[in-house]
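Have a look at structure_39.cif; it's mmCIF, C-alpha atoms:
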data_structure
loop_
_atom_site.label_atom_id
_atom_site.label_comp_id
_atom_site.auth_asym_id
_atom_site.auth_seq_id
_atom_site.Cartn_x
_atom_site.Cartn_y
_atom_site.Cartn_z
CA MET R 1 -59.63 61.66 -0.91
CA THR R 2 -61.91 64.60 -0.27
CA GLY R 3 -62.44 64.32 3.52
CA ARG R 4 -59.85 65.01 6.20
CA LEU R 5 -56.84 62.80 5.55
CA MET R 6 -54.48 61.85 8.38
CA LEU R 7 -51.02 60.60 7.43
CA LEU R 8 -48.94 58.86 10.08
CA ASP R 9 -45.15 58.89 9.93
CA THR R 10 -45.37 55.45 11.48
CA ALA R 11 -41.73 54.79 12.36
CA SER R 12 -41.40 58.22 13.96
CA LEU R 13 -44.44 57.48 16.12
CA TYR R 14 -43.51 53.96 17.17
CA PHE R 15 -40.00 55.14 18.09
CA ARG R 16 -41.63 57.76 20.31
CA ALA R 17 -43.96 55.15 21.76
CA TYR R 18 -41.01 52.84 22.45
CA PHE R 19 -39.11 55.49 24.40
CA GLY R 20 -42.25 56.95 25.99
CA VAL R 21 -43.85 53.76 27.32
CA PRO R 22 -41.93 51.65 29.89
CA ASP R 23 -40.51 48.37 28.60
CA SER R 24 -42.20 46.74 31.57
CA VAL R 25 -45.29 46.66 29.32
CA LYS R 26 -45.00 43.09 28.07
CA ALA R 27 -46.83 40.27 26.33
CA PRO R 28 -47.84 37.19 28.35
CA ASP R 29 -44.54 35.50 27.39
CA GLY R 30 -42.52 38.46 28.70
CA THR R 31 -41.74 40.05 25.32
CA PRO R 32 -41.85 43.87 25.48
CA VAL R 33 -44.80 45.34 23.55
CA ASN R 34 -44.42 48.95 24.71
CA ALA R 35 -44.05 50.28 21.14
CA VAL R 36 -47.07 48.29 19.93
CA ARG R 37 -49.37 49.39 22.72
CA GLY R 38 -48.01 52.92 22.73
CA LEU R 39 -48.69 53.30 19.00
CA LEU R 40 -52.25 51.98 19.41
CA ASP R 41 -52.81 54.52 22.18
CA PHE R 42 -51.40 57.25 19.90
CA ILE R 43 -53.76 56.31 17.07
CA ASP R 44 -56.73 56.13 19.44
CA ARG R 45 -56.04 59.63 20.75
CA LEU R 46 -55.44 61.05 17.27
CA VAL R 47 -58.67 59.63 15.86
CA ARG R 48 -60.70 60.78 18.88
CA ASP R 49 -59.30 64.30 18.84
CA HIS R 50 -59.11 64.98 15.10
CA ARG R 51 -61.73 62.69 13.49
CA PRO R 52 -60.09 61.96 10.15
CA GLU R 53 -62.17 60.35 7.43
CA GLN R 54 -59.08 58.81 5.79
CA LEU R 55 -56.07 57.36 7.62
CA VAL R 56 -52.81 56.00 6.21
CA ALA R 57 -49.94 54.53 8.20
CA CYS R 58 -46.98 55.49 5.99
CA MET R 59 -43.98 53.17 6.19
CA ASP R 60 -40.26 53.29 5.36
CA ALA R 61 -39.87 50.64 2.65
CA ASP R 62 -36.34 52.03 2.36
CA TRP R 63 -35.26 54.36 5.17
CA ARG R 64 -32.04 55.31 3.29
CA PRO R 65 -32.77 55.25 -0.45
CA GLY R 66 -29.80 54.68 -2.71
CA TRP R 67 -30.71 57.62 -4.95
CA ARG R 68 -30.33 59.96 -1.97
CA VAL R 69 -27.09 58.31 -0.82
CA ASP R 70 -25.66 58.60 -4.34
CA LEU R 71 -26.09 62.37 -4.12
CA ILE R 72 -24.94 62.81 -0.49
CA PRO R 73 -23.04 59.72 0.75
CA THR R 74 -23.24 60.85 4.40
CA TYR R 75 -27.05 60.74 4.29
CA LYS R 76 -28.10 58.86 7.46
CA ALA R 77 -24.77 56.97 7.30
CA HIS R 78 -24.30 57.09 11.08
CA ARG R 79 -27.52 55.10 11.58
CA VAL R 80 -26.46 52.13 9.44
CA ALA R 81 -26.16 48.91 11.43
CA GLU R 82 -25.37 46.75 8.41
CA GLU R 83 -24.99 47.46 4.69
CA HIS R 84 -26.67 45.23 2.10
CA ALA R 85 -25.73 45.22 -1.58
CA GLY R 86 -28.82 45.52 -3.74
CA ALA R 87 -31.18 45.84 -0.77
CA PRO R 88 -31.99 48.51 1.83
CA ASP R 89 -29.34 48.97 4.51
CA GLU R 90 -30.26 47.79 7.98
CA GLU R 91 -30.99 50.64 10.38
CA GLU R 92 -29.65 50.65 13.92
CA VAL R 93 -32.72 49.97 16.06
CA PRO R 94 -32.94 49.04 19.77
CA ASP R 95 -32.91 45.26 20.24
CA THR R 96 -36.31 45.14 21.90
CA LEU R 97 -37.95 47.41 19.30
CA SER R 98 -37.07 45.43 16.17
CA PRO R 99 -39.27 42.42 17.05
CA GLN R 100 -42.23 44.73 17.69
CA VAL R 101 -42.31 46.21 14.19
CA PRO R 102 -43.79 43.10 12.48
CA VAL R 103 -46.39 42.93 15.25
CA ILE R 104 -47.35 46.56 14.60
CA GLU R 105 -47.73 45.78 10.90
CA GLU R 106 -49.90 42.71 11.56
CA VAL R 107 -52.15 44.60 13.96
CA LEU R 108 -52.63 47.53 11.55
CA ASP R 109 -53.48 45.09 8.75
CA ALA R 110 -55.98 43.17 10.88
CA LEU R 111 -57.60 46.44 11.93
CA GLY R 112 -57.94 47.49 8.31
CA ILE R 113 -55.86 50.67 8.67
CA ALA R 114 -54.17 51.35 5.33
CA ARG R 115 -50.43 50.70 5.58
CA VAL R 116 -48.37 51.99 2.66
CA GLY R 117 -44.67 51.73 1.93
CA VAL R 118 -43.15 51.90 -1.54
CA ALA R 119 -39.87 50.26 -2.54
CA GLY R 120 -37.06 52.79 -2.91
CA TYR R 121 -38.78 55.49 -0.88
CA GLU R 122 -39.07 56.72 2.68
CA ALA R 123 -42.31 57.27 4.54
CA ASP R 124 -41.72 61.02 4.07
CA ASP R 125 -42.01 60.55 0.30
CA VAL R 126 -45.23 58.56 0.65
CA ILE R 127 -46.60 61.35 2.86
CA GLY R 128 -45.47 63.97 0.34
CA THR R 129 -47.25 62.19 -2.51
CA TYR R 130 -50.51 61.66 -0.61
CA SER R 131 -50.39 65.33 0.40
CA ALA R 132 -49.87 66.40 -3.22
CA ARG R 133 -52.86 64.33 -4.37
CA ALA R 134 -55.26 65.25 -1.58
CA THR R 135 -58.17 67.53 -2.38
CA GLY R 136 -59.27 67.99 1.23
CA PRO R 137 -57.46 68.98 4.44
CA VAL R 138 -54.44 66.92 5.54
CA ASP R 139 -53.04 66.28 9.01
CA ILE R 140 -49.48 64.89 8.98
CA VAL R 141 -48.53 63.33 12.31
CA THR R 142 -44.77 63.14 12.79
CA GLY R 143 -41.98 63.80 15.22
CA ASP R 144 -39.73 64.71 12.27
CA ARG R 145 -39.47 68.43 11.50
CA ASP R 146 -38.39 67.65 7.92
CA LEU R 147 -42.08 67.38 7.04
CA TYR R 148 -42.69 71.02 7.96
CA GLN R 149 -41.84 71.65 4.29
CA LEU R 150 -45.29 70.30 3.37
CA VAL R 151 -47.24 72.81 5.48
CA ASP R 152 -49.56 74.78 3.23
CA ASP R 153 -52.36 76.92 4.67
CA ALA R 154 -54.02 77.42 1.29
CA ARG R 155 -54.47 73.66 0.89
CA GLY R 156 -55.22 72.94 4.55
CA ILE R 157 -52.04 70.90 5.10
CA ARG R 158 -50.63 71.07 8.62
CA VAL R 159 -48.25 69.03 10.76
CA LEU R 160 -49.29 67.67 14.14
CA TYR R 161 -45.97 67.52 15.99
CA PRO R 162 -45.97 65.62 19.30
CA LEU R 163 -44.39 67.65 22.11
CA LYS R 164 -45.22 65.07 24.77
CA GLY R 165 -46.85 61.84 23.70
CA VAL R 166 -49.79 62.80 21.52
CA GLY R 167 -51.70 64.44 24.33
CA THR R 168 -49.79 67.65 23.60
CA LEU R 169 -49.47 68.38 19.90
CA GLN R 170 -48.06 71.44 18.21
CA LEU R 171 -50.53 72.22 15.41
CA THR R 172 -48.00 73.50 12.93
CA ASP R 173 -49.29 75.87 10.27
CA GLU R 174 -47.56 78.68 8.38
CA ALA R 175 -47.99 81.14 11.25
CA VAL R 176 -46.12 78.79 13.60
CA LEU R 177 -43.33 78.28 11.06
CA ARG R 178 -42.91 82.02 10.49
CA GLU R 179 -42.80 82.67 14.21
CA LYS R 180 -40.29 79.90 14.99
CA TYR R 181 -38.17 79.85 11.82
CA GLY R 182 -39.02 82.93 9.78
CA VAL R 183 -40.14 80.88 6.76
CA ASP R 184 -43.29 79.23 5.39
CA GLY R 185 -43.61 75.56 4.45
CA ARG R 186 -42.05 76.03 1.03
CA GLY R 187 -39.08 77.83 2.58
CA TYR R 188 -38.48 75.26 5.30
CA ALA R 189 -36.73 72.79 2.96
CA ASP R 190 -34.29 75.52 1.86
CA LEU R 191 -33.72 76.50 5.50
CA ALA R 192 -32.98 72.87 6.45
CA LEU R 193 -30.68 72.44 3.46
CA LEU R 194 -28.61 75.52 4.35
CA ARG R 195 -28.57 74.84 8.08
CA GLY R 196 -27.82 71.15 7.73
CA ASP R 197 -29.04 68.35 9.96
CA PRO R 198 -26.55 66.13 11.81
CA SER R 199 -29.31 63.61 12.64
CA ASP R 200 -29.73 62.97 8.89
CA GLY R 201 -26.06 63.34 7.97
CA LEU R 202 -26.65 66.55 6.02
CA PRO R 203 -23.61 68.84 6.30
CA GLY R 204 -25.35 72.09 5.37
CA VAL R 205 -23.33 75.16 4.41
CA ALA R 206 -20.47 75.80 6.81
CA GLY R 207 -21.00 78.94 8.86
CA ILE R 208 -24.68 79.25 7.89
CA GLY R 209 -26.83 78.47 10.92
CA GLU R 210 -30.59 78.58 11.24
CA LYS R 211 -30.88 82.32 11.94
CA THR R 212 -28.52 83.29 9.13
CA ALA R 213 -30.32 80.94 6.73
CA ALA R 214 -33.66 82.54 7.64
CA LYS R 215 -32.25 86.03 7.07
CA LEU R 216 -30.82 85.05 3.68
CA LEU R 217 -34.14 83.53 2.62
CA ALA R 218 -35.99 86.67 3.76
CA GLU R 219 -33.57 88.80 1.74
CA PHE R 220 -33.33 86.73 -1.44
CA GLY R 221 -36.56 84.69 -1.48
CA ASP R 222 -35.35 81.14 -1.93
CA LEU R 223 -32.25 79.01 -2.45
CA ALA R 224 -32.02 79.93 -6.13
CA GLY R 225 -32.18 83.61 -5.21
CA ILE R 226 -29.42 83.21 -2.64
CA MET R 227 -27.12 81.42 -5.10
CA ALA R 228 -27.83 84.07 -7.75
CA ALA R 229 -26.80 86.71 -5.20
CA VAL R 230 -23.44 84.97 -4.76
CA ASP R 231 -22.66 85.94 -8.37
CA ASP R 232 -23.98 89.48 -7.99
CA PRO R 233 -21.34 91.81 -6.48
CA ARG R 234 -24.10 94.28 -5.57
CA ALA R 235 -26.00 91.73 -3.44
CA LYS R 236 -25.99 92.24 0.32
CA LEU R 237 -23.82 89.29 1.33
CA THR R 238 -20.90 89.51 3.68
CA PRO R 239 -17.55 88.40 2.24
CA SER R 240 -17.65 85.37 4.54
CA GLN R 241 -21.15 84.37 3.42
CA ARG R 242 -20.21 84.75 -0.24
CA LYS R 243 -17.10 82.62 0.27
CA ARG R 244 -18.96 79.91 2.22
CA LEU R 245 -21.76 79.68 -0.31
CA THR R 246 -19.32 79.58 -3.21
CA GLU R 247 -17.42 76.72 -1.60
CA ALA R 248 -20.70 74.89 -0.96
CA ARG R 249 -21.87 74.94 -4.60
CA PRO R 250 -21.36 71.17 -5.16
CA TYR R 251 -23.48 70.42 -2.06
CA VAL R 252 -26.14 73.01 -2.92
CA ALA R 253 -26.45 71.57 -6.44
CA VAL R 254 -27.51 68.11 -5.23
CA ALA R 255 -29.00 68.73 -1.77
CA PRO R 256 -32.47 69.89 -2.88
CA LYS R 257 -33.32 66.46 -4.29
CA VAL R 258 -32.18 64.84 -1.04
CA VAL R 259 -33.87 67.25 1.36
CA ARG R 260 -37.18 67.77 -0.44
CA VAL R 261 -39.68 64.96 -0.10
CA ALA R 262 -40.83 63.32 -3.31
CA GLY R 263 -44.32 64.10 -4.54
CA ASP R 264 -44.53 61.53 -7.32
CA VAL R 265 -44.20 58.15 -5.59
CA PRO R 266 -46.14 55.36 -7.40
CA LEU R 267 -48.69 54.71 -4.65
CA PRO R 268 -50.59 51.42 -4.56
CA ASP R 269 -54.36 51.38 -4.92
CA VAL R 270 -55.53 50.91 -1.32
CA ASP R 271 -58.65 51.80 0.63
CA THR R 272 -57.64 54.71 2.86
CA ALA R 273 -61.03 55.09 4.58
CA LEU R 274 -60.88 54.98 8.37
CA PRO R 275 -62.20 51.53 9.33
CA HIS R 276 -65.13 51.30 11.73
CA ALA R 277 -64.73 47.56 12.32
CA PRO R 278 -61.72 45.23 12.01
CA ARG R 279 -60.90 43.86 8.58
CA ASP R 280 -59.91 40.50 10.08
CA PRO R 281 -61.56 40.03 13.51
CA ALA R 282 -60.21 36.49 13.99
CA ALA R 283 -56.61 37.53 13.30
CA LEU R 284 -57.01 40.56 15.56
CA GLU R 285 -58.38 38.44 18.39
CA TRP R 286 -55.41 36.08 18.10
CA LEU R 287 -52.94 38.97 18.05
CA ALA R 288 -54.61 40.56 21.08
CA LYS R 289 -54.21 37.35 23.09
CA ARG R 290 -50.74 36.48 21.79
CA TRP R 291 -49.30 39.91 22.54
CA GLY R 292 -51.46 41.03 25.45
CA LEU R 293 -52.72 44.17 23.73
CA GLY R 294 -55.49 44.59 26.30
CA GLY R 295 -56.97 48.02 26.89
CA SER R 296 -54.88 49.75 24.19
CA LEU R 297 -56.54 47.75 21.43
CA GLN R 298 -60.01 47.80 23.01
CA ARG R 299 -59.95 51.58 23.35
CA LEU R 300 -58.99 51.98 19.70
CA LEU R 301 -61.71 49.56 18.57
CA THR R 302 -64.28 51.53 20.58
CA THR R 303 -63.13 54.80 19.06
CA LEU R 304 -63.20 53.40 15.52
CA ALA R 305 -66.72 52.03 16.06
CA GLU R 306 -67.92 55.48 17.06
#
Transcribe the structure of this file into C-alpha cells.
Amino acid sequence: MTGRLMLLDTASLYFRAYFGVPDSVKAPDGTPVNAVRGLLDFIDRLVRDHRPEQLVACMDADWRPGWRVDLIPTYKAHRVAEEHAGAPDEEEVPDTLSPQVPVIEEVLDALGIARVGVAGYEADDVIGTYSARATGPVDIVTGDRDLYQLVDDARGIRVLYPLKGVGTLQLTDEAVLREKYGVDGRGYADLALLRGDPSDGLPGVAGIGEKTAAKLLAEFGDLAGIMAAVDDPRAKLTPSQRKRLTEARPYVAVAPKVVRVAGDVPLPDVDTALPHAPRDPAALEWLAKRWGLGGSLQRLLTTLAE
C-alpha cells in the first residue's frame, strides 16, 4: 500500500448517515434506506475530493471485545442491548438502522470496495493496523475522536472528521490537535485515558479533566512520566492531583490497553485498490432495484469510473 490509503470507520459513518438523512428516503417496498444511500453519498464525496488509490471499509466484527471488557468492565456497557455468552454482545441500534447494515455490506461487496472486519476486534483496531503497515499517506475518515491518537505528520496520517455530513471535514493533523487539545497524536490516547469518556464507559481519573490532563502531559511528557511524578515528592503536582492519581493506579494500569487501538490485528489478504468498475455488476443491479439506490449509487459509480 504505497499510494494514498483511505480507511473508513464504517459504522461511525453509517450512523451519521442514518441521523443525517431523513428516514423518508425509502426502498420501493417502504423500507428506510437512508443510512445506505447516505453512506454511498459520503463515499462518493470522499473519493471525489481526496482521490485515494486504496480504500478499505473497516468494520466492527466485535464492537465490545471481551479482552477490553475484562480490563474495564464498564467499557461500552451502557450500549449493550443483549449479552451473548461466547459471542459478541448485541449493540443497541435504532430499529430501522439494523436492517440496513446487511444491505450496506452487500452493496460494498458488489462494488468491490474492500470490507474488513476481524473477529475479536473493533474497526478502530483494523484502522490502527492498516495505518501501522502503510508506507504512503493515510486518510482516516471517522466521527470518533478516539482515532486522533493515530495522527502522525511524519508518516502522513491524518483524520478527516466530519463536522457536517462529509461536505465539511476537519482535516486533523498535529497542528490541529495541539491547538485544540495541547497534545500530538501520540499524546491524545493518554489525554483521553486521563479525561475519561462517558460515551465509551471509561471513568478516567476523578478530578482530572481535559485541560488538567493536557497540562500534566505538557509538564511530564506522557502517562508514564505523570505516574512517576506521583512518587516524586519534588514533582509539581498539587496534593489533590497526587491523591487522585494515586487512587486511580488500578485504572491507569489497565486503561492503556483499552484506550489505545491495536496495531497488530491479523488482517486478511484482500485487494484494497479503489475499484473503477463493480466487482459483481449483476448483483449490484439487483440491489439497486431492490433497495431503490437510485442517484446515490449512480453518482458513486460515475466517480469510481473516473
Exercise for review: Mind checking which residues fall within 12 Å of R:Tyr251, counting only C-alpha atoms, ignoring those fewer than 5 positions away in the same chain, and posting them as a ChimeraX atom specification?
Suggested key: /R:71-74,193-194,196,202-206,227,244-246,256-259
Exercise for review: Please write as JSON, numbers by chain the full residue list that the PyMOL selection byres ((chain R and resi 176-192) around 7) yields on this file.
Suggested key: {"R": [148, 149, 150, 151, 152, 172, 173, 174, 175, 193, 194, 195, 196, 197, 210, 213, 214, 222, 223, 259, 260]}
Check your understanding: When you draw a straight line from atom CA of R:Glu83 to atom CA of R:Asp95, how long is it in Å?
Key ->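 Atom-to-atom, atom CA of R:Glu83 and atom CA of R:Asp95 are spaced 17.6 Å apart.
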Review point. When distances are computed from all atoms listed in the file, which of R:Arg290, R:Lys26, R:Arg249, R:His50 shows the smallest separation from R:Arg4?
Key: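 Nearest to R:Arg4: R:His50.
Using only C-alpha atoms, the nearest neighbour of R:Gly112 within the list R:Val33, R:Val252, R:Leu39, R:Ala57 is R:Ala57.
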Practice item. Run the PyMOL selection byres ((chain R and resi 38) around 12) against the file shown and list the residues it catches, as an MDAnalysis selection string. Key: chainID R and resid 10 13:23 25:26 32:37 39:45 97 100 104 165:166 293:297 300
Review point. Rounded to one decimal in Å, what is the spacing between atom CA of R:Lys76 and atom CA of R:Ala119?
Key: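 A separation of 17.7 Å between them.
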Check your understanding: Could you write out as an MDAnalysis selection string the residues that the PyMOL selection byres ((chain R and resi 51) around 10) matches in the shown file?
Key -> chainID R and resid 4:6 45:50 52:55 274 303:304
Practice item. Fewer than 3 positions away in the same chain doesn't count, so skip those; otherwise give me all residues within 7 Å of R:Gly143, counting all atoms listed in the file, as a PyMOL selection string. Key: chain R and resi 12-13+161-162
Point to revise | Pick from R:Asp9, R:Asp200, R:Ser24, R:Pro99, whichever lies nearest to R:Arg64 using only C-alpha atoms | key: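 Using only C-alpha atoms, the shortest distance to R:Arg64 belongs to R:Asp200.
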Exercise for review: May I ask for the distance between atom CA of R:Ala255 and atom CA of R:Pro88, given in Å to one decimal place?
Suggested key: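 So the answer is 20.8 Å.
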Exercise for review: List the residues sitting within 6 Å of (-51.0, 61.8, 4.0) in the file's frame, using only C-alpha atoms, as a list in words.
Suggested key: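 Residues found, by chain and rising number: Met6, Leu7, Ile127, Tyr130 and Ser131 of chain R.
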Exercise for review: Please provide the set of residues having any atom within 12 Å of R:Thr238, restricted to only C-alpha atoms, with same-chain residues fewer than 6 positions apart removed, written as a PyMOL selection string.
Suggested key: chain R and resi 207-208+212+216+229-230+244-245
Exercise for review: Have a look at R:Trp291, R:Gly221, R:Arg68, R:Leu8 and name the one nearest to R:Val56; count all atoms listed in the file.
Suggested key: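 Ranked by minimum distance to R:Val56, first place goes to R:Leu8.
The smallest atom-to-atom distance between R:Leu111 and any of R:Leu284, R:Ala305, R:Ala132, R:Ala228, using all atoms listed in the file, is found for R:Leu284.
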